[in-house]
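Containing CSV, C-alpha atoms and all ligand atoms: upload03.csv.
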chain,number,residue,atom,x,y,z
L,1,MET,CA,12.9,-34.9,128.7
L,2,LEU,CA,13.9,-31.7,127.0
L,3,ARG,CA,10.9,-29.6,125.8
L,4,TYR,CA,11.0,-27.3,122.8
L,5,VAL,CA,8.4,-24.7,123.6
L,6,THR,CA,6.9,-23.4,120.3
L,7,THR,CA,3.8,-23.2,118.3
L,8,ASN,CA,5.9,-23.7,115.1
L,9,GLU,CA,6.3,-27.3,114.0
L,10,GLY,CA,9.0,-26.2,111.5
L,11,LYS,CA,11.3,-25.3,114.3
L,12,VAL,CA,10.9,-28.7,116.0
L,13,ARG,CA,11.6,-30.5,112.7
L,14,GLU,CA,14.9,-28.7,112.4
L,15,ALA,CA,15.8,-29.3,116.1
L,16,ARG,CA,15.3,-33.0,115.8
L,17,GLU,CA,18.4,-33.3,113.7
L,18,TYR,CA,20.5,-32.1,116.7
L,19,LEU,CA,18.5,-33.3,119.7
L,20,GLN,CA,17.3,-36.9,119.9
L,21,ASP,CA,15.2,-36.6,123.0
L,22,VAL,CA,13.2,-33.5,122.4
L,23,GLU,CA,9.4,-33.1,122.7
L,24,SER,CA,7.6,-30.1,121.4
L,25,LEU,CA,5.5,-28.2,124.0
L,26,ASP,CA,2.8,-26.2,122.4
L,27,HIS,CA,2.7,-23.4,125.0
L,28,ASP,CA,2.1,-19.9,123.7
L,29,TYR,CA,4.3,-18.0,126.1
L,30,THR,CA,3.8,-14.3,126.5
L,31,GLU,CA,6.2,-12.6,124.2
L,32,VAL,CA,7.5,-9.4,125.8
L,33,GLN,CA,7.9,-6.4,123.5
L,34,ALA,CA,11.6,-5.9,123.2
L,35,ASP,CA,14.0,-4.8,120.5
L,36,ASP,CA,16.2,-7.8,120.8
L,37,LEU,CA,15.7,-11.5,120.5
L,38,GLU,CA,17.6,-12.3,123.7
L,39,THR,CA,15.1,-10.6,125.9
L,40,VAL,CA,12.1,-12.2,124.3
L,41,ALA,CA,13.7,-15.7,124.4
L,42,ALA,CA,14.8,-15.4,128.0
L,43,HIS,CA,11.4,-14.2,129.2
L,44,GLY,CA,9.8,-17.0,127.2
L,45,ALA,CA,12.0,-19.7,128.7
L,46,ARG,CA,11.3,-18.6,132.3
L,47,ASP,CA,7.6,-18.3,131.6
L,48,ALA,CA,7.4,-21.7,129.9
L,49,PHE,CA,9.5,-23.5,132.6
L,50,LEU,CA,7.2,-22.2,135.3
L,51,ALA,CA,4.0,-22.9,133.3
L,52,ALA,CA,5.1,-26.4,132.4
L,53,GLY,CA,5.1,-27.1,136.2
L,54,SER,CA,7.6,-29.9,136.0
L,55,GLU,CA,11.3,-30.3,136.4
L,56,ASP,CA,11.8,-30.9,132.7
L,57,PRO,CA,14.2,-28.4,131.1
L,58,VAL,CA,12.8,-26.2,128.4
L,59,ILE,CA,14.2,-24.3,125.4
L,60,VAL,CA,12.5,-21.4,123.7
L,61,ASP,CA,13.7,-20.2,120.3
L,62,ASP,CA,13.1,-16.6,119.1
L,63,ALA,CA,14.1,-15.8,115.6
L,64,GLY,CA,13.7,-13.1,113.1
L,65,LEU,CA,14.7,-11.6,109.7
L,66,PHE,CA,16.9,-8.5,110.0
L,67,ILE,CA,17.0,-6.3,106.8
L,68,GLU,CA,20.1,-4.2,107.0
L,69,ALA,CA,19.0,-1.0,105.3
L,70,PHE,CA,15.8,-1.0,107.4
L,71,ASP,CA,17.8,-0.9,110.6
L,72,GLY,CA,17.0,-4.6,111.3
L,73,PHE,CA,13.3,-4.4,110.6
L,74,PRO,CA,11.3,-6.6,111.1
L,75,GLY,CA,13.7,-8.3,113.5
L,76,PRO,CA,12.0,-9.3,116.8
L,77,TYR,CA,8.7,-8.3,115.2
L,78,SER,CA,9.0,-10.8,112.3
L,79,ALA,CA,6.1,-12.9,113.4
L,80,TYR,CA,3.7,-9.9,113.7
L,81,VAL,CA,4.9,-8.6,110.3
L,82,GLU,CA,4.5,-12.0,108.7
L,83,ASP,CA,0.9,-12.1,110.0
L,84,THR,CA,0.1,-8.6,108.9
L,85,LEU,CA,2.0,-7.7,105.8
L,86,GLY,CA,2.9,-11.2,104.8
L,87,VAL,CA,6.2,-12.6,103.5
L,88,ASP,CA,5.7,-11.7,99.8
L,89,LEU,CA,5.0,-8.0,100.6
L,90,VAL,CA,8.0,-7.7,102.9
L,91,GLY,CA,10.1,-9.1,100.1
L,92,ARG,CA,8.7,-6.8,97.5
L,93,VAL,CA,9.1,-3.7,99.6
L,94,ALA,CA,12.7,-4.6,100.4
L,95,ARG,CA,13.5,-5.3,96.8
L,96,GLU,CA,11.9,-2.1,95.5
L,97,ALA,CA,13.8,-0.1,98.1
L,98,GLY,CA,17.1,-1.8,97.1
L,99,ALA,CA,17.3,-3.1,100.6
L,100,THR,CA,18.2,-6.7,99.9
L,101,ASP,CA,21.1,-7.4,102.3
L,102,ALA,CA,19.6,-9.2,105.3
L,103,ALA,CA,20.3,-11.8,108.0
L,104,PHE,CA,18.3,-14.3,109.9
L,105,ARG,CA,19.1,-14.5,113.6
L,106,CYS,CA,18.0,-17.0,116.2
L,107,VAL,CA,18.5,-17.1,120.0
L,108,ILE,CA,17.8,-20.3,121.9
L,109,ALA,CA,17.1,-19.8,125.6
L,110,TYR,CA,17.5,-22.7,128.0
L,111,CYS,CA,16.0,-23.0,131.5
L,112,ASP,CA,16.0,-25.9,133.9
L,113,GLY,CA,15.6,-24.0,137.1
L,114,GLU,CA,19.2,-24.7,138.1
L,115,PRO,CA,22.2,-22.4,138.1
L,116,PHE,CA,25.0,-22.8,135.5
L,117,GLU,CA,28.7,-23.5,135.7
L,118,ALA,CA,31.0,-20.6,134.9
L,119,THR,CA,31.1,-20.3,131.1
L,120,PRO,CA,32.2,-17.7,128.6
L,121,GLU,CA,28.6,-17.4,127.4
L,122,PRO,CA,26.5,-14.6,128.8
L,123,VAL,CA,23.8,-15.8,131.2
L,124,ASP,CA,20.5,-14.3,131.9
L,125,ARG,CA,20.6,-11.2,129.8
L,126,GLY,CA,16.8,-11.1,129.9
L,127,ASP,CA,15.7,-8.8,132.7
L,128,ARG,CA,18.6,-6.7,133.6
L,129,ARG,CA,19.7,-4.9,130.4
L,130,GLY,CA,21.4,-1.6,131.3
L,131,GLN,CA,22.8,-3.0,134.5
L,132,ASP,CA,26.3,-4.4,134.9
L,133,LEU,CA,26.3,-7.7,133.1
L,134,SER,CA,30.0,-8.4,133.5
L,135,ALA,CA,29.4,-10.8,136.4
L,136,GLU,CA,26.9,-12.7,134.2
L,137,VAL,CA,29.3,-12.8,131.3
L,138,ARG,CA,31.8,-14.4,133.7
L,139,GLY,CA,29.1,-16.9,134.6
L,140,SER,CA,28.9,-16.0,138.2
L,141,ALA,CA,25.5,-14.4,138.3
L,142,ALA,CA,23.5,-17.6,138.2
L,143,THR,CA,23.8,-18.3,141.9
L,144,ASP,CA,21.2,-20.0,144.1
L,145,ASP,CA,19.5,-16.7,145.0
L,146,THR,CA,18.6,-16.1,141.4
L,147,VAL,CA,16.6,-19.3,141.2
L,148,ALA,CA,13.2,-17.9,141.9
L,149,GLY,CA,10.3,-16.8,139.8
L,150,GLY,CA,11.2,-14.2,137.1
L,151,ASP,CA,14.9,-14.5,138.1
L,152,LEU,CA,15.3,-18.0,136.9
L,153,PRO,CA,18.7,-18.4,135.3
L,154,VAL,CA,18.6,-18.7,131.5
L,155,LYS,CA,21.4,-19.6,129.2
L,156,LEU,CA,21.5,-18.2,125.7
L,157,PHE,CA,22.8,-19.6,122.4
L,158,ALA,CA,22.8,-17.5,119.2
L,159,GLY,CA,23.2,-18.1,115.5
L,160,SER,CA,22.9,-16.1,112.4
L,161,VAL,CA,23.2,-16.4,108.6
L,162,SER,CA,23.5,-13.6,106.1
L,163,GLY,CA,21.7,-13.6,102.7
L,164,THR,CA,19.8,-11.6,100.1
L,165,ILE,CA,16.1,-10.8,99.8
L,166,VAL,CA,14.9,-12.2,96.4
L,167,GLU,CA,11.6,-13.0,94.7
L,168,PRO,CA,10.0,-16.0,96.4
L,169,ARG,CA,11.3,-19.4,95.3
L,170,GLY,CA,10.9,-22.9,96.7
L,171,ASP,CA,8.4,-24.7,98.8
L,172,GLY,CA,10.4,-26.1,101.7
L,173,GLY,CA,11.1,-24.6,105.1
L,174,PHE,CA,8.7,-22.1,106.5
L,175,GLY,CA,8.1,-18.4,107.2
L,176,TYR,CA,10.5,-16.1,105.3
L,177,ASP,CA,12.5,-18.9,103.7
L,178,PRO,CA,11.2,-18.5,100.2
L,179,ILE,CA,12.5,-14.9,100.0
L,180,PHE,CA,15.9,-15.4,101.6
L,181,GLU,CA,18.7,-16.5,99.4
L,182,HIS,CA,22.0,-17.8,100.7
L,183,GLY,CA,24.5,-18.8,98.1
L,184,ASP,CA,22.5,-19.4,94.9
L,185,ARG,CA,19.4,-20.9,96.6
L,186,THR,CA,16.7,-19.7,98.9
L,187,LEU,CA,16.3,-21.5,102.2
L,188,ALA,CA,13.0,-22.9,100.9
L,189,GLU,CA,14.9,-24.6,98.1
L,190,MET,CA,17.1,-26.5,100.5
L,191,SER,CA,16.4,-29.8,102.2
L,192,PRO,CA,16.1,-29.6,106.0
L,193,ALA,CA,19.6,-30.9,106.5
L,194,GLU,CA,21.0,-28.4,104.0
L,195,LYS,CA,19.2,-25.5,105.7
L,196,ASN,CA,20.4,-26.7,109.1
L,197,ALA,CA,24.0,-26.8,108.0
L,198,ILE,CA,24.1,-23.1,107.2
L,199,SER,CA,21.1,-21.6,109.1
L,200,HIS,CA,20.8,-19.3,112.1
L,201,ARG,CA,18.8,-22.0,113.9
L,202,GLY,CA,21.2,-24.8,112.9
L,203,ARG,CA,24.2,-22.8,114.3
L,204,ALA,CA,22.4,-22.0,117.5
L,205,LEU,CA,21.2,-25.6,117.9
L,206,ALA,CA,24.7,-27.0,117.2
L,207,LYS,CA,26.1,-24.9,120.1
L,208,PHE,CA,23.3,-25.7,122.4
L,209,ALA,CA,23.4,-29.5,121.6
L,210,GLU,CA,27.1,-29.6,122.4
L,211,TRP,CA,26.7,-27.8,125.7
L,212,TYR,CA,23.5,-29.7,126.6
L,213,GLN,CA,25.3,-33.1,126.1
L,214,MET,CA,27.9,-32.0,128.6
L,215,ARG,CA,25.3,-30.8,131.1
L,216,THR,CA,23.4,-34.1,131.0
L,217,GLU,CA,26.5,-36.4,131.0
Q,1,LIG,P1,7.0,-19.6,118.4
Q,1,LIG,O1,7.2,-18.2,118.9
Q,1,LIG,O2,5.8,-20.3,118.9
Q,1,LIG,O3,8.2,-20.5,118.5
Q,1,LIG,P2,6.9,-18.3,115.8
Q,1,LIG,O4,6.8,-18.8,114.4
Q,1,LIG,O5,6.0,-17.1,116.2
Q,1,LIG,O6,6.7,-19.5,116.8
Q,1,LIG,P3,9.3,-16.7,116.1
Q,1,LIG,O7,8.5,-15.6,116.9
Q,1,LIG,O8,10.6,-17.0,116.6
Q,1,LIG,O9,8.4,-18.0,116.1
Q,1,LIG,O10,9.3,-16.3,114.6
Q,1,LIG,C1,9.5,-15.1,114.1
Q,1,LIG,C2,9.1,-15.0,112.7
Q,1,LIG,O11,10.3,-15.4,111.9
Q,1,LIG,C3,8.0,-15.9,112.2
Q,1,LIG,O12,7.3,-15.2,111.3
Q,1,LIG,C4,8.7,-17.1,111.6
Q,1,LIG,O13,7.9,-17.6,110.6
Q,1,LIG,C5,9.9,-16.5,111.1
Q,1,LIG,N1,11.0,-17.4,111.1
Q,1,LIG,C6,11.6,-17.9,112.3
Q,1,LIG,N2,12.5,-18.8,111.9
Q,1,LIG,C7,12.6,-18.9,110.6
Q,1,LIG,C8,13.3,-19.6,109.7
Q,1,LIG,O14,14.2,-20.5,110.0
Q,1,LIG,N3,13.1,-19.4,108.4
Q,1,LIG,C9,12.1,-18.5,108.0
Q,1,LIG,N4,11.4,-17.8,108.8
Q,1,LIG,C10,11.6,-18.0,110.1
Take the structure in this file and express it as structure tokens.
Amino acid sequence: MLRYVTTNEGKVREAREYLQDVESLDHDYTEVQADDLETVAAHGARDAFLAAGSEDPVIVDDAGLFIEAFDGFPGPYSAYVEDTLGVDLVGRVAREAGATDAAFRCVIAYCDGEPFEATPEPVDRGDRRGQDLSAEVRGSAATDDTVAGGDLPVKLFAGSVSGTIVEPRGDGGFGYDPIFEHGDRTLAEMSPAEKNAISHRGRALAKFAEWYQMRTE
């Protein structure tokens, strides 16, 4: 059984549209401080796989709001900023600064303790930034000797959606959805299926679900 490791029920609701057999696992994995979602998600997936103490595969999803004129802030710090400033204030500051172009990004990290077949997707970008990743990009890095502790192979799936920061509207979704407009509606004004069809998470989940089906066939 695939486990979606998160403390956020909203994420699991969205994932169920793509994955029939998924259980949420409420494990608050240690979020490393990093300036990219990939690193955070990869660490989280390894941590959760080991903590779960079973053979079940896990996915961790790290997401964030990236405001263009603020150099991507709050980005990987979106949860902290939501808890401290709050969504409404982030929206107000962005609008007053004229910094309304933004994107949501989501990275799903998968770990089942096993290596992966060669694939065009980068593998295991978590711990070795700055080193030669070309072998990983070719898919050859996930060999048996990487299957240990912090070096567990992780596969990453990314999705993004661009939009505009607006005054809060709508009561669906979660997090920053009310201040993020795509087309003429905020994500909080969309049904879960409509949000999934265009969202960062929906796009990452669609890629993951297709790959996971092949892996489990
Ligand atoms: P877990 O880490 O336990 O999965 P979390 O809510 O902390 O739960 P993230 O760190 O990925 O998850 O979330 C970063 C922030 O971005 C957080 O404030 C979320 O509310 C927000 N966020 C993530 N996905 C979102 C989405 O689809 N729509 C709106 N806000 C989102």
### Query
Using all atoms listed in the file, can you list as JSON, numbers by chain the residues within 12 Å of (12.9, -21.5, 115.5)?
{"L": [4, 5, 6, 7, 8, 9, 10, 11, 12, 13, 14, 15, 16, 24, 37, 41, 59, 60, 61, 62, 63, 64, 65, 78, 79, 104, 105, 106, 107, 108, 109, 158, 159, 160, 173, 174, 175, 176, 196, 199, 200, 201, 202, 203, 204, 205]}
### Message
Need to verify the contact set: Gly172 (chain L), 12 Å, all atoms listed in the file, exclusion of same-chain residues closer than 5 positions in sequence. Can you return it as a PyMOL selection string?
### Response
chain L and resi 10+13-14+177-179+185-195
### Nearby residues (all atoms listed in the file) at most 9 Å from Glu31 (chain L), same-chain spacing under 6 positions excluded, as a PyMOL selection string
chain L and resi 40-41+43-44
### Query
CA of Phe116 (chain L) and CA of Val32 (chain L), how far apart in Å?
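Distance between the two atoms: 24.1 Å.
CA of Leu19 (chain L) to CA of Gly163 (chain L) spans 26.2 Å [interatomic distance, one decimal].
Here the question is which of L:Leu152, L:Leu2, L:Ala34, L:Val81 gets nearest to ligand LIG 1 (chain Q) using all atoms listed in the file, and that residue is L:Val81.
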## Note on the structure
In Å and to one decimal, CA of Gly75 (chain L) is distant from CA of Glu38 (chain L) by 11.6 Å
### Query
Restricting the calculation to all atoms listed in the file, which member of L:Phe49, L:Ala69, L:Gly113, L:Val161 is positioned closest to ligand LIG 1 (chain Q)?
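That would be L:Val161, the residue with the smallest distance to ligand LIG 1 (chain Q).
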